[in-house]
$ cat start-v6.txt   # compact mmCIF, C-alpha atoms
# COMPACT_ATOMS: atom_id res chain seq x y z
CA MET T 850 0.00 0.00 0.00
CA THR T 851 1.35 3.44 -0.90
CA SER T 852 0.58 6.92 0.42
CA ALA T 853 -1.18 7.68 -2.89
CA THR T 854 -4.10 5.53 -1.63
CA ILE T 855 -4.67 8.04 1.19
CA ARG T 856 -7.19 10.73 0.21
CA VAL T 857 -7.27 14.05 2.08
CA LEU T 858 -9.95 16.72 1.72
CA VAL T 859 -8.74 20.32 2.30
CA VAL T 860 -11.49 22.85 3.11
CA ASP T 861 -10.27 26.46 3.21
CA ASP T 862 -11.75 29.66 1.79
CA ASP T 863 -8.30 31.32 1.59
CA PRO T 864 -6.98 30.41 -1.90
CA TRP T 865 -3.34 31.02 -0.95
CA SER T 866 -3.52 28.82 2.16
CA GLN T 867 -5.45 26.15 0.27
CA GLN T 868 -2.85 26.09 -2.50
CA VAL T 869 0.14 25.82 -0.15
CA ILE T 870 -1.42 23.06 1.97
CA SER T 871 -2.67 21.02 -0.98
CA SER T 872 0.64 21.30 -2.86
CA GLN T 873 2.59 20.13 0.19
CA LEU T 874 0.32 17.11 0.70
CA THR T 875 0.44 16.24 -3.00
CA GLN T 876 4.24 16.37 -2.91
CA SER T 877 4.11 13.88 -0.03
CA GLY T 878 2.22 11.44 -2.24
CA LEU T 879 -1.32 11.99 -0.95
CA ARG T 880 -4.44 12.34 -3.11
CA VAL T 881 -5.94 15.75 -2.38
CA ASP T 882 -9.39 17.25 -3.02
CA CYS T 883 -10.05 20.94 -2.29
CA ALA T 884 -13.18 22.86 -1.31
CA GLY T 885 -13.64 26.59 -0.73
CA ASP T 886 -16.43 26.37 1.87
CA GLY T 887 -18.14 23.94 4.21
CA TRP T 888 -21.04 22.93 1.99
CA GLU T 889 -18.76 22.26 -0.97
CA GLY T 890 -16.62 20.16 1.38
CA LEU T 891 -19.71 18.20 2.43
CA ILE T 892 -20.55 17.45 -1.20
CA LEU T 893 -16.99 16.39 -2.09
CA ALA T 894 -16.76 14.15 0.98
CA GLY T 895 -19.94 12.40 -0.15
CA ARG T 896 -18.63 11.87 -3.68
CA ALA T 897 -15.21 10.49 -2.69
CA ARG T 898 -14.73 9.35 0.90
CA PRO T 899 -11.64 11.04 2.40
CA ASP T 900 -9.36 9.29 4.89
CA LEU T 901 -8.83 12.63 6.66
CA ILE T 902 -10.20 16.17 6.40
CA VAL T 903 -8.14 19.33 6.95
CA THR T 904 -10.48 22.28 7.48
CA GLU T 905 -10.37 25.91 8.48
CA VAL T 906 -12.63 26.54 11.49
CA HIS T 907 -13.99 29.86 10.20
CA LEU T 908 -15.65 29.31 6.81
CA PRO T 909 -18.04 31.56 4.84
CA THR T 910 -21.09 29.25 4.72
CA THR T 911 -20.58 27.25 7.91
CA ASP T 912 -17.84 26.61 10.46
CA GLY T 913 -15.49 23.65 10.69
CA TRP T 914 -17.18 22.24 13.80
CA THR T 915 -20.57 22.16 12.08
CA LEU T 916 -19.00 20.66 8.96
CA ALA T 917 -17.55 17.81 11.05
CA GLU T 918 -20.91 17.23 12.72
CA GLU T 919 -22.76 17.10 9.38
CA ILE T 920 -20.20 14.79 7.79
CA ARG T 921 -20.26 12.39 10.73
CA HIS T 922 -24.03 12.01 10.43
CA ARG T 923 -23.32 9.86 7.37
CA ASP T 924 -22.48 6.27 8.27
CA LEU T 925 -19.59 5.84 5.83
CA LEU T 926 -18.02 9.14 6.90
CA GLU T 927 -18.59 8.84 10.66
CA PRO T 928 -15.04 7.62 11.52
CA VAL T 929 -13.16 10.19 9.36
CA PRO T 930 -10.63 12.16 11.49
CA PHE T 931 -10.26 15.95 11.21
CA VAL T 932 -7.41 18.45 11.43
CA PHE T 933 -8.94 21.82 12.38
CA MET T 934 -7.08 25.07 11.64
CA ALA T 935 -7.83 28.26 13.55
CA ASP T 936 -6.25 31.58 14.49
CA GLU T 937 -4.89 31.48 18.02
CA SER T 938 -7.05 33.43 20.47
CA PRO T 939 -7.50 33.41 24.29
CA GLY T 940 -11.03 31.99 24.03
CA LEU T 941 -10.31 29.32 21.41
CA LYS T 942 -11.96 26.03 22.38
CA PRO T 943 -12.72 22.93 20.29
CA GLY T 944 -16.36 22.54 19.25
CA LYS T 945 -18.65 19.73 20.40
CA SER T 946 -17.82 17.69 17.30
CA PHE T 947 -14.10 17.60 18.20
CA ARG T 948 -12.86 14.10 19.09
CA PRO T 949 -9.66 14.27 21.20
CA ALA T 950 -8.78 10.65 20.39
CA THR T 951 -8.53 11.21 16.62
CA ASP T 952 -8.86 14.93 15.80
CA GLN T 953 -6.13 17.60 15.83
CA LEU T 954 -6.30 21.37 16.37
CA LEU T 955 -3.64 23.51 14.68
CA THR T 956 -3.40 27.15 15.73
CA LYS T 957 -2.05 29.68 13.22
CA PRO T 958 0.62 30.43 12.37
CA PHE T 959 1.92 26.87 12.08
CA THR T 960 4.75 25.32 10.11
CA ILE T 961 4.55 22.73 7.35
CA ILE T 962 6.20 20.29 9.76
CA ASP T 963 3.38 20.95 12.26
CA LEU T 964 0.83 20.22 9.55
CA HIS T 965 2.44 16.92 8.57
CA GLY T 966 2.69 15.91 12.23
CA ALA T 967 -1.02 16.59 12.78
CA ILE T 968 -1.92 14.55 9.69
CA GLU T 969 0.24 11.63 10.81
CA ARG T 970 -1.40 11.64 14.24
CA GLY T 971 -4.85 11.90 12.68
CA LEU T 972 -4.24 8.98 10.33
CA GLY T 973 -2.78 6.91 13.14
CA GLU T 974 -2.26 3.29 12.13
CA ARG T 975 -3.17 4.12 8.54
CA ALA T 976 -0.08 6.34 8.25
CA ARG T 977 2.12 3.56 9.59
CA GLU T 978 0.62 0.99 7.21
CA THR T 979 1.48 3.11 4.18
CA SER T 980 4.66 4.71 2.93
CA TYR T 981 3.42 8.16 3.95
CA ALA T 982 5.97 10.19 5.89
CA GLY T 983 5.40 13.88 6.42
CA SER T 984 7.97 16.02 4.66
CA THR T 985 10.31 17.99 6.90
CA LYS T 986 11.48 20.18 4.03
CA ILE T 987 9.78 22.60 1.71
CA ILE T 988 10.00 21.20 -1.84
CA VAL T 989 9.92 23.56 -4.79
CA GLU T 990 10.33 21.98 -8.22
CA VAL T 991 12.38 23.75 -10.84
CA SER T 992 11.07 23.56 -14.41
CA SER T 993 12.35 20.46 -16.21
CA SER T 994 13.17 22.52 -19.29
CA ALA T 995 16.89 22.13 -19.99
CA HIS T 996 16.99 25.60 -21.54
CA ASN T 997 15.53 27.25 -18.45
CA ILE T 998 17.86 25.35 -16.12
CA ALA T 999 20.95 26.23 -18.14
CA LYS T 1000 19.98 29.89 -18.39
CA PHE T 1001 19.23 30.08 -14.67
CA ALA T 1002 22.45 28.31 -13.66
CA THR T 1003 24.66 30.66 -15.65
CA HIS T 1004 22.90 33.85 -14.57
CA GLU T 1005 24.89 35.70 -11.94
CA MET T 1006 22.73 36.32 -8.88
CA PRO T 1007 23.14 39.87 -7.57
CA ARG T 1008 23.91 40.29 -3.87
CA PRO T 1009 21.87 42.49 -1.55
CA SER T 1010 23.26 45.87 -0.61
CA GLU T 1011 24.84 46.21 2.83
CA SER T 1012 22.06 48.59 3.84
CA TRP T 1013 19.68 45.63 3.91
CA GLU T 1014 21.58 44.22 6.91
CA MET T 1015 21.68 40.52 6.02
CA GLN T 1016 24.13 37.92 7.26
CA GLY T 1017 24.95 34.31 6.50
CA LEU T 1018 22.69 33.92 3.48
CA GLU T 1019 22.52 30.36 2.16
CA PRO T 1020 20.51 29.10 -0.87
CA ALA T 1021 17.32 27.39 0.37
CA LEU T 1022 14.72 27.43 -2.43
CA ARG T 1023 14.74 28.18 -6.13
CA GLY T 1024 12.34 27.66 -8.97
CA SER T 1025 10.29 29.00 -11.85
CA LEU T 1026 7.57 31.63 -11.33
CA ALA T 1027 5.54 29.89 -14.04
CA SER T 1028 5.19 26.77 -11.88
CA PHE T 1029 5.39 28.31 -8.38
CA GLY T 1030 4.38 31.96 -8.15
CA LEU T 1031 5.52 34.55 -5.62
CA SER T 1032 2.21 34.33 -3.73
CA SER T 1033 2.70 30.61 -3.06
CA LEU T 1034 6.34 31.17 -2.10
CA LEU T 1035 5.44 33.89 0.40
CA MET T 1036 2.77 31.67 1.97
CA VAL T 1037 5.29 28.86 2.45
CA ILE T 1038 7.82 31.29 3.96
CA GLU T 1039 5.17 32.77 6.27
CA LEU T 1040 3.94 29.35 7.45
CA ASP T 1041 7.49 28.26 8.32
CA ARG T 1042 8.46 31.72 9.67
CA MET T 1043 11.64 31.77 7.60
CA SER T 1044 14.03 34.69 7.30
CA GLY T 1045 16.20 35.73 4.36
CA LEU T 1046 16.20 37.31 0.93
CA VAL T 1047 13.95 36.54 -2.04
CA THR T 1048 15.41 37.58 -5.40
CA LEU T 1049 13.18 37.51 -8.47
CA HIS T 1050 14.23 37.85 -12.11
CA GLY T 1051 11.04 38.81 -13.91
CA PRO T 1052 9.88 40.30 -17.21
CA ILE T 1053 10.88 43.87 -16.31
CA GLY T 1054 14.00 43.31 -14.23
CA THR T 1055 15.08 42.22 -10.77
CA GLY T 1056 13.11 42.46 -7.56
CA ARG T 1057 14.10 41.74 -3.96
CA LEU T 1058 12.22 41.15 -0.74
CA ALA T 1059 13.83 41.11 2.72
CA ILE T 1060 11.91 38.77 5.05
CA ARG T 1061 12.18 38.19 8.78
CA GLU T 1062 10.27 35.33 10.45
CA GLY T 1063 7.86 35.09 7.52
CA ARG T 1064 7.12 38.82 7.33
CA VAL T 1065 8.21 41.04 4.44
CA LEU T 1066 10.20 43.99 5.79
CA ARG T 1067 11.46 45.68 2.62
CA ALA T 1068 10.86 45.31 -1.10
CA HIS T 1069 12.50 46.85 -4.16
CA VAL T 1070 12.13 46.48 -7.93
CA GLU T 1071 15.19 47.79 -9.76
CA GLY T 1072 15.18 49.70 -13.04
CA ASP T 1073 14.27 53.09 -14.51
CA LYS T 1074 10.73 52.66 -13.21
CA GLY T 1075 11.77 51.07 -9.94
CA ALA T 1076 9.33 50.62 -7.08
CA TYR T 1077 9.68 50.31 -3.32
CA GLY T 1078 7.58 48.99 -0.45
CA PRO T 1079 4.09 47.52 -0.95
CA HIS T 1080 3.95 48.87 -4.53
CA ALA T 1081 7.00 46.78 -5.41
CA ILE T 1082 5.40 43.70 -3.86
CA PHE T 1083 2.15 44.15 -5.79
CA GLN T 1084 4.18 44.58 -8.96
CA MET T 1085 6.16 41.37 -8.39
CA LEU T 1086 3.02 39.37 -7.51
CA GLN T 1087 1.91 39.86 -11.11
CA TRP T 1088 5.07 38.36 -12.63
CA ALA T 1089 3.96 35.10 -14.25
CA LYS T 1090 7.33 34.38 -15.84
CA GLY T 1091 10.87 34.36 -14.54
CA THR T 1092 12.82 32.70 -11.74
CA PHE T 1093 13.18 33.10 -8.00
CA VAL T 1094 15.77 32.28 -5.35
CA PHE T 1095 15.22 32.33 -1.61
CA GLU T 1096 18.40 32.59 0.48
CA ALA T 1097 17.90 31.90 4.18
CA GLY T 1098 19.77 33.92 6.76
CA GLU T 1099 19.58 36.57 9.46
CA VAL T 1100 17.76 39.78 8.53
CA GLY T 1101 18.09 43.04 10.43
CA GLY T 1102 16.76 46.54 9.95
CA GLU T 1103 13.39 48.22 10.35
CA ASP T 1104 10.06 47.03 9.00
CA GLN T 1105 9.24 49.40 6.13
CA ILE T 1106 6.11 47.50 5.03
CA GLU T 1107 4.23 47.20 8.35
CA ARG T 1108 1.68 44.78 6.90
CA SER T 1109 1.24 41.03 7.33
CA THR T 1110 2.03 38.74 4.41
CA SER T 1111 -1.60 37.55 4.34
CA PHE T 1112 -2.81 41.15 4.01
CA LEU T 1113 -0.37 41.87 1.17
CA LEU T 1114 -1.49 38.75 -0.72
CA MET T 1115 -5.19 39.54 -0.31
CA GLU T 1116 -4.65 43.16 -1.34
CA GLY T 1117 -2.60 42.03 -4.35
CA ALA T 1118 -5.38 39.65 -5.41
CA ARG T 1119 -7.95 42.44 -5.04
CA MET T 1120 -5.90 44.78 -7.24
CA VAL T 1121 -5.58 42.09 -9.93
CA ASP T 1122 -9.36 41.53 -9.88
CA GLU T 1123 -10.03 45.27 -10.16
CA ARG T 1124 -7.64 45.60 -13.08
CA ALA T 1125 -9.24 42.65 -14.88
CA SER T 1126 -12.70 44.13 -14.31
CA LYS T 1127 -11.65 47.48 -15.78
CA LEU T 1128 -10.17 45.78 -18.87
CA LYS T 1129 -13.45 43.94 -19.50
CA LYS T 1130 -15.35 47.23 -19.44
CA MET T 1131 -13.02 48.89 -21.98
$ encode --input "start-v6.txt" --output "structure tokens"
Amino acid sequence: MTSATIRVLVVDDDPWSQQVISSQLTQSGLRVDCAGDGWEGLILAGRARPDLIVTEVHLPTTDGWTLAEEIRHRDLLEPVPFVFMADESPGLKPGKSFRPATDQLLTKPFTIIDLHGAIERGLGERARETSYAGSTKIIVEVSSSAHNIAKFATHEMPRPSESWEMQGLEPALRGSLASFGLSSLLMVIELDRMSGLVTLHGPIGTGRLAIREGRVLRAHVEGDKGAYGPHAIFQMLQWAKGTFVFEAGEVGGEDQIERSTSFLLMEGARMVDERASKLKKM
């Protein structure tokens, strides 16, 4: 039996979070279905029985506790374990449908390693019977195109200026923006609270982001029409082609962005939607 026989349903209304979680589970060999709200999750669970469900507690049409209760009313789905995700708060308590013996509660922010650990505990004996082993590393695939690899390998990576106060940078992740966009990369970095420098080579030049414990502190797009701060981030989020490198290391200096990564991603998505709407009206 292989881990590919394990089916996991991910229910999350945040597209960035859903994408990062589902991609990590897929890379670990699991079969993954995704739903954007509780009722869609209920339908998908009825169509293809999951071995485990990962769900956000706060959903637009219902909450994760109610979703678990509704799913467990169905005989075939009654034993399915849950991993609940919720923002940490002083009054956070599991709902009545929470089963301490099989269910897990992950408070945000959590790391990818935390997620895999919760899934392994939820699956219990099933995880041990299969070849599933939660990944302890973030995996980013580089495009298999020989041309892209050769071009990327021979391109000299510029170093950050001393004013960005970075030390001990070591290559950690690299890949193609066409297969793994900046939004997904930032979500992974935020979940694992990593620090370092992201360097992008995009269609209009080079962009850099200084990150400390998952939070973007500074951003800069070089060139005649260079941009700084949030504007630079929103510009880079739209780059569909190019390459990226994330170098892990210590990052000092002040926070010039003063916004969470989640806020920046949501605001970037809103700006893209507005631009697309305006183009349709032209």
$ closest_residue --input "start-v6.txt" --among "T:Glu918, T:Leu941, T:Arg856, T:Val932" --to "Asp963 of chain T" --atoms "all atoms listed in the file"
T:Val932
$ atom_distance --input "start-v6.txt" --atom1 "atom CA of Arg948 of chain T" --atom2 "atom CA of Pro899 of chain T"
17.0 Å
$ residues_around --input "start-v6.txt" --residues "Ile968 of chain T" --least-positions-apart "4" --cutoff "9 Å" --atoms "only C-alpha atoms" --output "PyMOL selection string"
chain T and resi 901+903+931-932+953+963-964+972-973+976+983
$ closest_residue --input "start-v6.txt" --among "T:Lys957, T:Leu1018, T:Gly878, T:Ala884" --to "Pro864 of chain T" --atoms "only C-alpha atoms"
T:Ala884
$ closest_residue --input "start-v6.txt" --among "T:Arg1064, T:Arg975, T:Lys945, T:Arg896" --to "Ile855 of chain T" --atoms "all atoms listed in the file"
T:Arg975
$ atom_distance --input "start-v6.txt" --atom1 "atom CA of Gly1056 of chain T" --atom2 "atom CA of Met1115 of chain T"
19.9 Å
$ closest_atom_pairs --input "start-v6.txt" --of "segment 1063-1124 of chain T" --to "segment 1025-1049 of chain T" --cutoff "8 Å" --atoms "all atoms listed in the file" --output "CSV"
residue,atom,partner,partner_atom,distance
T:Gly1063,CA,T:Glu1039,CA,3.8
T:Arg1064,CA,T:Glu1039,CA,6.4
T:Met1085,CA,T:Leu1031,CA,7.4
T:Leu1086,CA,T:Leu1031,CA,5.7
T:Trp1088,CA,T:Leu1026,CA,7.3
T:Ala1089,CA,T:Ala1027,CA,5.4
T:Lys1090,CA,T:Ala1027,CA,5.2
T:Gly1091,CA,T:Leu1026,CA,5.4
T:Thr1092,CA,T:Ser1025,CA,4.5
T:Phe1093,CA,T:Leu1049,CA,4.4
T:Val1094,CA,T:Thr1048,CA,5.3
T:Phe1095,CA,T:Val1047,CA,4.4
T:Glu1096,CA,T:Leu1046,CA,5.2
T:Ala1097,CA,T:Gly1045,CA,4.2
T:Gly1098,CA,T:Gly1045,CA,4.7
T:Glu1099,CA,T:Gly1045,CA,6.2
T:Val1100,CA,T:Gly1045,CA,6.0
T:Thr1110,CA,T:Glu1039,CA,7.0
T:Ser1111,CA,T:Met1036,CA,7.7
T:Leu1114,CA,T:Ser1032,CA,6.5
